[in-house]
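Data block for data25.pdb (PDB, C-alpha atoms, pLDDT in the B column):
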```pdb
ATOM      1  CA  ALA A1280      86.758 -39.909 -63.947  1.00 93.00           C
ATOM      2  CA  LEU A1281      85.766 -41.638 -67.207  1.00 94.00           C
ATOM      3  CA  TYR A1282      83.498 -38.797 -68.296  1.00 91.00           C
ATOM      4  CA  LYS A1283      86.140 -36.154 -67.581  1.00 92.00           C
ATOM      5  CA  LYS A1284      89.062 -38.307 -68.810  1.00 91.00           C
ATOM      6  CA  LEU A1285      90.829 -37.611 -65.522  1.00 92.00           C
ATOM      7  CA  THR A1286      93.417 -40.380 -65.711  1.00 92.00           C
ATOM      8  CA  LEU A1287      94.377 -39.478 -69.288  1.00 90.00           C
ATOM      9  CA  SER A1288      94.509 -35.787 -68.368  1.00 90.00           C
ATOM     10  CA  ASP A1289      96.720 -36.517 -65.376  1.00 90.00           C
ATOM     11  CA  LYS A1290      99.047 -38.624 -67.516  1.00 90.00           C
ATOM     12  CA  GLY A1291      99.211 -35.919 -70.200  1.00 90.00           C
ATOM     13  CA  VAL A1292     100.061 -33.153 -67.727  1.00 90.00           C
ATOM     14  CA  ARG A1293     102.776 -35.296 -66.142  1.00 91.00           C
ATOM     15  CA  GLU A1294     104.239 -35.852 -69.622  1.00 92.00           C
ATOM     16  CA  GLY A1295     104.238 -32.115 -70.384  1.00 93.00           C
ATOM     17  CA  ASN A1296     101.104 -32.035 -72.540  1.00 91.00           C
ATOM     18  CA  TRP A1297      98.907 -29.481 -70.756  1.00 87.00           C
ATOM     19  CA  ARG A1298      95.686 -30.056 -72.716  1.00 80.00           C
ATOM     20  CA  GLY A1299      96.337 -33.710 -73.481  1.00 76.00           C
ATOM     21  CA  VAL A1300      93.263 -35.497 -74.766  1.00 82.00           C
ATOM     22  CA  VAL A1301      90.717 -33.047 -73.357  1.00 86.00           C
ATOM     23  CA  ASN A1302      89.330 -30.587 -75.883  1.00 85.00           C
ATOM     24  CA  GLY A1303      85.905 -29.729 -74.455  1.00 83.00           C
ATOM     25  CA  PHE A1304      84.104 -31.808 -77.060  1.00 87.00           C
ATOM     26  CA  ASN A1305      85.066 -35.204 -75.658  1.00 88.00           C
ATOM     27  CA  THR A1306      84.294 -34.829 -71.961  1.00 90.00           C
ATOM     28  CA  TYR A1307      80.961 -34.860 -70.174  1.00 92.00           C
ATOM     29  CA  GLU A1308      79.328 -34.089 -66.867  1.00 93.00           C
ATOM     30  CA  MET A1309      76.866 -36.240 -64.955  1.00 95.00           C
ATOM     31  CA  SER A1310      74.144 -33.609 -64.674  1.00 96.00           C
ATOM     32  CA  ASN A1311      70.926 -34.742 -66.386  1.00 97.00           C
ATOM     33  CA  LYS A1312      72.433 -38.094 -67.327  1.00 98.00           C
ATOM     34  CA  LYS A1313      70.400 -41.231 -66.778  1.00 98.00           C
ATOM     35  CA  VAL A1314      72.054 -43.620 -64.330  1.00 98.00           C
ATOM     36  CA  GLY A1315      70.910 -47.223 -64.459  1.00 98.00           C
ATOM     37  CA  ILE A1316      71.448 -49.335 -61.371  1.00 98.00           C
ATOM     38  CA  TYR A1317      71.601 -53.105 -61.827  1.00 98.00           C
ATOM     39  CA  GLY A1318      70.814 -54.479 -58.370  1.00 98.00           C
ATOM     40  CA  ILE A1319      69.021 -52.241 -55.876  1.00 98.00           C
ATOM     41  CA  GLY A1320      70.075 -53.738 -52.546  1.00 96.00           C
ATOM     42  CA  ASN A1321      71.650 -51.672 -49.769  1.00 94.00           C
ATOM     43  CA  ILE A1322      74.569 -50.473 -51.869  1.00 94.00           C
ATOM     44  CA  GLY A1323      72.437 -49.814 -54.944  1.00 97.00           C
ATOM     45  CA  LYS A1324      70.122 -47.645 -52.831  1.00 98.00           C
ATOM     46  CA  LYS A1325      73.062 -45.651 -51.463  1.00 96.00           C
ATOM     47  CA  VAL A1326      74.385 -45.125 -54.988  1.00 97.00           C
ATOM     48  CA  ALA A1327      70.928 -43.916 -56.095  1.00 98.00           C
ATOM     49  CA  LYS A1328      70.983 -41.227 -53.394  1.00 97.00           C
ATOM     50  CA  ARG A1329      74.551 -40.157 -54.153  1.00 97.00           C
ATOM     51  CA  VAL A1330      74.206 -39.773 -57.925  1.00 97.00           C
ATOM     52  CA  GLN A1331      71.127 -37.625 -57.436  1.00 97.00           C
ATOM     53  CA  GLY A1332      73.529 -35.141 -55.841  1.00 96.00           C
ATOM     54  CA  PHE A1333      74.972 -34.759 -59.360  1.00 96.00           C
ATOM     55  CA  ASP A1334      71.465 -34.079 -60.741  1.00 97.00           C
ATOM     56  CA  CYS A1335      71.201 -37.494 -62.362  1.00 98.00           C
ATOM     57  CA  ILE A1336      67.976 -39.242 -63.285  1.00 98.00           C
ATOM     58  CA  VAL A1337      67.981 -42.689 -61.685  1.00 98.00           C
ATOM     59  CA  GLN A1338      66.377 -45.898 -62.875  1.00 98.00           C
ATOM     60  CA  TYR A1339      66.985 -49.452 -61.788  1.00 98.00           C
ATOM     61  CA  TYR A1340      66.504 -53.082 -62.575  1.00 98.00           C
ATOM     62  CA  ASP A1341      66.425 -55.825 -59.965  1.00 97.00           C
ATOM     63  CA  LYS A1342      64.922 -59.288 -59.871  1.00 95.00           C
ATOM     64  CA  TYR A1343      62.872 -58.053 -56.921  1.00 96.00           C
ATOM     65  CA  ARG A1344      61.127 -54.779 -57.587  1.00 97.00           C
ATOM     66  CA  LEU A1345      60.901 -52.246 -54.768  1.00 98.00           C
ATOM     67  CA  SER A1346      57.549 -51.100 -53.454  1.00 97.00           C
ATOM     68  CA  GLU A1347      55.976 -48.061 -55.078  1.00 97.00           C
ATOM     69  CA  ASN A1348      56.571 -46.177 -51.824  1.00 98.00           C
ATOM     70  CA  ASP A1349      60.300 -47.074 -51.779  1.00 97.00           C
ATOM     71  CA  GLU A1350      60.639 -46.014 -55.421  1.00 98.00           C
ATOM     72  CA  LYS A1351      59.002 -42.696 -54.615  1.00 98.00           C
ATOM     73  CA  ASN A1352      61.142 -42.133 -51.497  1.00 97.00           C
ATOM     74  CA  LEU A1353      64.332 -42.962 -53.412  1.00 97.00           C
ATOM     75  CA  ASN A1354      63.198 -40.895 -56.431  1.00 98.00           C
ATOM     76  CA  LEU A1355      63.882 -43.653 -58.933  1.00 97.00           C
ATOM     77  CA  SER A1356      61.954 -45.701 -61.420  1.00 98.00           C
ATOM     78  CA  TYR A1357      61.902 -49.383 -62.276  1.00 98.00           C
ATOM     79  CA  VAL A1358      62.635 -50.472 -65.852  1.00 98.00           C
ATOM     80  CA  THR A1359      63.155 -53.817 -67.546  1.00 98.00           C
ATOM     81  CA  LEU A1360      66.669 -55.109 -67.927  1.00 98.00           C
ATOM     82  CA  GLU A1361      66.685 -54.360 -71.649  1.00 98.00           C
ATOM     83  CA  GLU A1362      65.346 -50.826 -71.075  1.00 98.00           C
ATOM     84  CA  LEU A1363      68.047 -50.217 -68.455  1.00 98.00           C
ATOM     85  CA  PHE A1364      70.755 -51.049 -70.976  1.00 98.00           C
ATOM     86  CA  LYS A1365      69.115 -49.186 -73.877  1.00 98.00           C
ATOM     87  CA  THR A1366      68.433 -45.910 -72.113  1.00 98.00           C
ATOM     88  CA  SER A1367      71.111 -45.407 -69.443  1.00 98.00           C
ATOM     89  CA  ASP A1368      74.107 -43.143 -69.925  1.00 98.00           C
ATOM     90  CA  ILE A1369      75.865 -44.767 -66.988  1.00 98.00           C
ATOM     91  CA  ILE A1370      75.177 -48.304 -65.803  1.00 98.00           C
ATOM     92  CA  THR A1371      76.472 -49.286 -62.395  1.00 98.00           C
ATOM     93  CA  LEU A1372      76.427 -52.902 -61.240  1.00 98.00           C
ATOM     94  CA  HIS A1373      75.498 -53.796 -57.649  1.00 97.00           C
ATOM     95  CA  SER A1374      74.286 -57.364 -57.785  1.00 96.00           C
ATOM     96  CA  PRO A1375      75.537 -60.399 -55.911  1.00 96.00           C
ATOM     97  CA  LEU A1376      77.330 -63.140 -57.816  1.00 97.00           C
ATOM     98  CA  THR A1377      74.919 -66.030 -58.231  1.00 97.00           C
ATOM     99  CA  ALA A1378      74.401 -68.725 -60.836  1.00 97.00           C
ATOM    100  CA  GLU A1379      71.827 -66.387 -62.377  1.00 96.00           C
ATOM    101  CA  THR A1380      74.056 -63.280 -62.479  1.00 97.00           C
ATOM    102  CA  LYS A1381      77.331 -64.934 -63.500  1.00 98.00           C
ATOM    103  CA  GLY A1382      78.120 -63.650 -67.009  1.00 98.00           C
ATOM    104  CA  ALA A1383      74.743 -61.862 -67.149  1.00 98.00           C
ATOM    105  CA  ILE A1384      76.323 -58.717 -68.574  1.00 98.00           C
ATOM    106  CA  ASN A1385      77.272 -60.010 -71.998  1.00 98.00           C
ATOM    107  CA  THR A1386      77.204 -59.076 -75.677  1.00 98.00           C
ATOM    108  CA  ASN A1387      73.397 -59.248 -75.749  1.00 98.00           C
ATOM    109  CA  LEU A1388      73.142 -56.420 -73.207  1.00 98.00           C
ATOM    110  CA  LEU A1389      76.306 -54.510 -74.122  1.00 98.00           C
ATOM    111  CA  THR A1390      75.141 -54.067 -77.724  1.00 98.00           C
ATOM    112  CA  LEU A1391      71.936 -52.446 -76.428  1.00 98.00           C
ATOM    113  CA  MET A1392      73.946 -49.682 -74.754  1.00 98.00           C
ATOM    114  CA  LYS A1393      74.442 -46.239 -76.251  1.00 98.00           C
ATOM    115  CA  SER A1394      77.860 -45.800 -77.827  1.00 97.00           C
ATOM    116  CA  SER A1395      78.373 -42.882 -75.408  1.00 96.00           C
ATOM    117  CA  ALA A1396      77.473 -44.959 -72.319  1.00 98.00           C
ATOM    118  CA  ILE A1397      79.839 -46.200 -69.645  1.00 98.00           C
ATOM    119  CA  LEU A1398      79.666 -49.300 -67.450  1.00 98.00           C
ATOM    120  CA  ILE A1399      80.804 -49.342 -63.824  1.00 98.00           C
ATOM    121  CA  ASN A1400      81.361 -52.582 -61.900  1.00 98.00           C
ATOM    122  CA  THR A1401      81.975 -52.534 -58.171  1.00 95.00           C
ATOM    123  CA  SER A1402      79.993 -55.702 -57.447  1.00 96.00           C
ATOM    124  CA  ARG A1403      81.716 -58.923 -58.546  1.00 97.00           C
ATOM    125  CA  GLY A1404      83.914 -59.406 -61.610  1.00 97.00           C
ATOM    126  CA  PRO A1405      82.228 -62.519 -63.025  1.00 98.00           C
ATOM    127  CA  VAL A1406      78.881 -60.700 -63.295  1.00 98.00           C
ATOM    128  CA  ILE A1407      80.387 -59.403 -66.559  1.00 98.00           C
ATOM    129  CA  ASN A1408      81.412 -61.719 -69.373  1.00 98.00           C
ATOM    130  CA  GLU A1409      84.893 -60.185 -69.613  1.00 98.00           C
ATOM    131  CA  PRO A1410      85.709 -61.194 -73.228  1.00 98.00           C
ATOM    132  CA  ASP A1411      82.397 -59.627 -74.319  1.00 98.00           C
ATOM    133  CA  LEU A1412      83.240 -56.415 -72.446  1.00 98.00           C
ATOM    134  CA  ILE A1413      86.720 -56.289 -73.967  1.00 98.00           C
ATOM    135  CA  SER A1414      85.205 -56.644 -77.432  1.00 98.00           C
ATOM    136  CA  ALA A1415      82.629 -53.898 -76.736  1.00 98.00           C
ATOM    137  CA  LEU A1416      85.377 -51.535 -75.563  1.00 98.00           C
ATOM    138  CA  GLN A1417      87.729 -52.338 -78.443  1.00 98.00           C
ATOM    139  CA  ASN A1418      84.957 -51.824 -81.002  1.00 97.00           C
ATOM    140  CA  ASP A1419      83.640 -48.610 -79.377  1.00 96.00           C
ATOM    141  CA  THR A1420      80.292 -50.281 -78.798  1.00 98.00           C
ATOM    142  CA  ILE A1421      80.383 -48.463 -75.438  1.00 98.00           C
ATOM    143  CA  ALA A1422      82.455 -45.450 -74.417  1.00 96.00           C
ATOM    144  CA  GLY A1423      84.174 -46.861 -71.364  1.00 97.00           C
ATOM    145  CA  ALA A1424      84.258 -49.005 -68.263  1.00 98.00           C
ATOM    146  CA  GLY A1425      85.237 -48.399 -64.669  1.00 97.00           C
ATOM    147  CA  LEU A1426      86.157 -51.704 -63.084  1.00 98.00           C
ATOM    148  CA  ASP A1427      86.972 -52.264 -59.433  1.00 96.00           C
ATOM    149  CA  VAL A1428      86.480 -56.023 -59.701  1.00 96.00           C
ATOM    150  CA  MET A1429      87.749 -58.545 -62.241  1.00 96.00           C
ATOM    151  CA  ASN A1430      87.055 -62.108 -63.259  1.00 95.00           C
ATOM    152  CA  ILE A1431      90.523 -63.031 -61.997  1.00 95.00           C
ATOM    153  CA  GLU A1432      91.981 -61.063 -59.082  1.00 95.00           C
ATOM    154  CA  PRO A1433      94.583 -59.779 -59.060  1.00 95.00           C
ATOM    155  CA  ILE A1434      94.189 -58.942 -62.736  1.00 96.00           C
ATOM    156  CA  GLU A1435      96.613 -60.728 -65.035  1.00 96.00           C
ATOM    157  CA  LYS A1436      99.362 -58.515 -66.500  1.00 96.00           C
ATOM    158  CA  ASP A1437      98.427 -59.367 -70.091  1.00 97.00           C
ATOM    159  CA  ASN A1438      94.724 -58.567 -69.669  1.00 98.00           C
ATOM    160  CA  PRO A1439      93.735 -56.239 -72.569  1.00 98.00           C
ATOM    161  CA  LEU A1440      91.743 -54.028 -70.178  1.00 98.00           C
ATOM    162  CA  LEU A1441      95.033 -52.733 -68.769  1.00 97.00           C
ATOM    163  CA  SER A1442      96.093 -51.227 -72.100  1.00 96.00           C
ATOM    164  CA  MET A1443      92.807 -49.497 -72.958  1.00 96.00           C
ATOM    165  CA  ASP A1444      92.464 -45.729 -72.612  1.00 93.00           C
ATOM    166  CA  ASN A1445      88.698 -46.071 -72.174  1.00 95.00           C
ATOM    167  CA  THR A1446      88.961 -48.052 -68.937  1.00 97.00           C
ATOM    168  CA  ILE A1447      89.794 -47.291 -65.357  1.00 96.00           C
ATOM    169  CA  VAL A1448      90.868 -50.331 -63.375  1.00 96.00           C
ATOM    170  CA  THR A1449      91.246 -50.354 -59.597  1.00 92.00           C
ATOM    171  CA  PRO A1450      92.228 -53.189 -57.210  1.00 90.00           C
ATOM    172  CA  HIS A1451      88.866 -54.135 -55.651  1.00 86.00           C
ATOM    173  CA  SER A1452      89.171 -51.134 -53.370  1.00 82.00           C
ATOM    174  CA  ALA A1453      85.964 -49.132 -53.944  1.00 76.00           C
ATOM    175  CA  GLY A1454      84.713 -49.863 -50.438  1.00 74.00           C
ATOM    176  CA  THR A1455      88.078 -49.852 -48.707  1.00 75.00           C
ATOM    177  CA  THR A1456      88.593 -46.559 -46.914  1.00 78.00           C
ATOM    178  CA  TRP A1457      89.542 -45.488 -43.424  1.00 83.00           C
ATOM    179  CA  ASP A1458      85.935 -44.435 -42.845  1.00 82.00           C
ATOM    180  CA  THR A1459      84.396 -47.753 -43.870  1.00 76.00           C
ATOM    181  CA  TRP A1460      86.457 -49.848 -41.459  1.00 75.00           C
ATOM    182  CA  PHE A1461      84.337 -48.576 -38.573  1.00 77.00           C
ATOM    183  CA  ARG A1462      81.015 -49.152 -40.348  1.00 71.00           C
ATOM    184  CA  ARG A1463      81.769 -52.789 -41.112  1.00 68.00           C
TER     185      ARG A1463
END
```
How would this structure read if it were set down as structure tokens?
Amino acid sequence: ALYKKLTLSDKGVREGNWRGVVNGFNTYEMSNKKVGIYGIGNIGKKVAKRVQGFDCIVQYYDKYRLSENDEKNLNLSYVTLEELFKTSDIITLHSPLTAETKGAINTNLLTLMKSSAILINTSRGPVINEPDLISALQNDTIAGAGLDVMNIEPIEKDNPLLSMDNTIVTPHSAGTTWDTWFRR
């Protein structure tokens, strides 16, 4: 949705602007993009499999590295944390919230990212230092963020993330579907 500017396109069409913000030079596809997974537990592994369906190259960072056999079976490679942030086009967060991960995604890592990269967080809001993310988005340090979790939930009405065109914000609902109720 961020790469294709789907929410902005939808808004534009509803307002009578057929082409809106999409001009063919400012949208992207996932094919051949490098997806970096921060946290390769059960969910991270499922994400790795799914993004490969879009022909993505997958790399990961986790405190606990997978076995060489697991990496081969999942068709992904291990990189350092800094390398993950430097080289990924899309970074998706799947770590638990611990004393070690709280605020771990901060200016130090965000400034390593490509200016065309996007950050997705469906793990826990406080894994990201939110003021640092807001600054990175406002200054075009990164291209966008998809956030299903926030530092404060529900999100406060005056949170700057709500007024940014380069964000998609959802109400902690990424895993809430009819289908998932039966798997829980």
Here is a test: counting all atoms listed in the file, which residue of A:Glu1350, A:Asp1444, A:Glu1379, A:Asp1427 is nearest to Leu1285 (chain A)? A:Asp1444
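Evaluated on this file, the PyMOL selection byres ((chain A and resi 1319) around 8) matches Ile1316, Tyr1317, Gly1318, Gly1320, Asn1321, Ile1322, Gly1323, Lys1324, Tyr1339, Tyr1340, Asp1341, His1373 and Ser1374 of chain A.
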Hits from the PyMOL selection byres ((chain A and resi 1410) around 12), listed as a PyMOL selection string: chain A and resi 1382+1384-1386+1389+1404-1405+1407-1409+1411-1417+1429-1430+1438-1440
Same residues, C-alpha atoms, saved as an mmCIF file, in the coordinates of the input:
```cif
data_model
loop_
_atom_site.group_PDB
_atom_site.id
_atom_site.type_symbol
_atom_site.label_atom_id
_atom_site.label_comp_id
_atom_site.auth_asym_id
_atom_site.auth_seq_id
_atom_site.Cartn_x
_atom_site.Cartn_y
_atom_site.Cartn_z
ATOM 1 C CA GLY A 1382 78.120 -63.650 -67.009
ATOM 2 C CA ILE A 1384 76.323 -58.717 -68.574
ATOM 3 C CA ASN A 1385 77.272 -60.010 -71.998
ATOM 4 C CA THR A 1386 77.204 -59.076 -75.677
ATOM 5 C CA LEU A 1389 76.306 -54.510 -74.122
ATOM 6 C CA GLY A 1404 83.914 -59.406 -61.610
ATOM 7 C CA PRO A 1405 82.228 -62.519 -63.025
ATOM 8 C CA ILE A 1407 80.387 -59.403 -66.559
ATOM 9 C CA ASN A 1408 81.412 -61.719 -69.373
ATOM 10 C CA GLU A 1409 84.893 -60.185 -69.613
ATOM 11 C CA ASP A 1411 82.397 -59.627 -74.319
ATOM 12 C CA LEU A 1412 83.240 -56.415 -72.446
ATOM 13 C CA ILE A 1413 86.720 -56.289 -73.967
ATOM 14 C CA SER A 1414 85.205 -56.644 -77.432
ATOM 15 C CA ALA A 1415 82.629 -53.898 -76.736
ATOM 16 C CA LEU A 1416 85.377 -51.535 -75.563
ATOM 17 C CA GLN A 1417 87.729 -52.338 -78.443
ATOM 18 C CA MET A 1429 87.749 -58.545 -62.241
ATOM 19 C CA ASN A 1430 87.055 -62.108 -63.259
ATOM 20 C CA ASN A 1438 94.724 -58.567 -69.669
ATOM 21 C CA PRO A 1439 93.735 -56.239 -72.569
ATOM 22 C CA LEU A 1440 91.743 -54.028 -70.178
#
```
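Here CA of Ala1396 (chain A) is placed at a distance of 10.5 Å from CA of Gly1315 (chain A).
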Just give me the gap between CA of Ser1288 (chain A) and CA of Val1326 (chain A) in Å, one decimal is fine. 25.9 Å
Region 1452-1455 of chain A surroundings by all atoms listed in the file, 12 Å radius, close-in-sequence under 6 positions cut, as a count of residues only: 16
Give me, please, the distance in Å between CA of Ile1369 (chain A) and CA of Phe1304 (chain A), quoted to one decimal.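 Calculated distance between CA of Ile1369 (chain A) and CA of Phe1304 (chain A) is 18.4 Å.
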Between A:Lys1342, A:Thr1371, A:Ile1434, A:Met1392, which has the minimum distance to Thr1359 (chain A) (counting all atoms listed in the file)?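 Under the stated criterion, the closest residue is A:Lys1342.
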Which residue is closest to Gly1299 (chain A)? Choose from A:Val1406, A:Leu1287, A:Ile1421, A:Leu1372 and count all atoms listed in the file.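 Between A:Val1406, A:Leu1287, A:Ile1421, A:Leu1372, the residue approaching Gly1299 (chain A) most closely is A:Leu1287.
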Residues in the PyMOL selection byres ((chain A and resi 1310) around 8), expressed as an MDAnalysis selection string: chainID A and resid 1308:1309 1311:1312 1333:1335
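With distances restricted to all atoms listed in the file, A:Ile1370 is the closest residue to Ala1327 (chain A) from A:Pro1450, A:Ile1370, A:Tyr1343, A:Gly1291.
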With only C-alpha atoms as the atoms that count, which of A:Thr1420, A:Leu1355, A:Pro1375, A:Gly1332 lies nearest to Thr1390 (chain A)? A:Thr1420
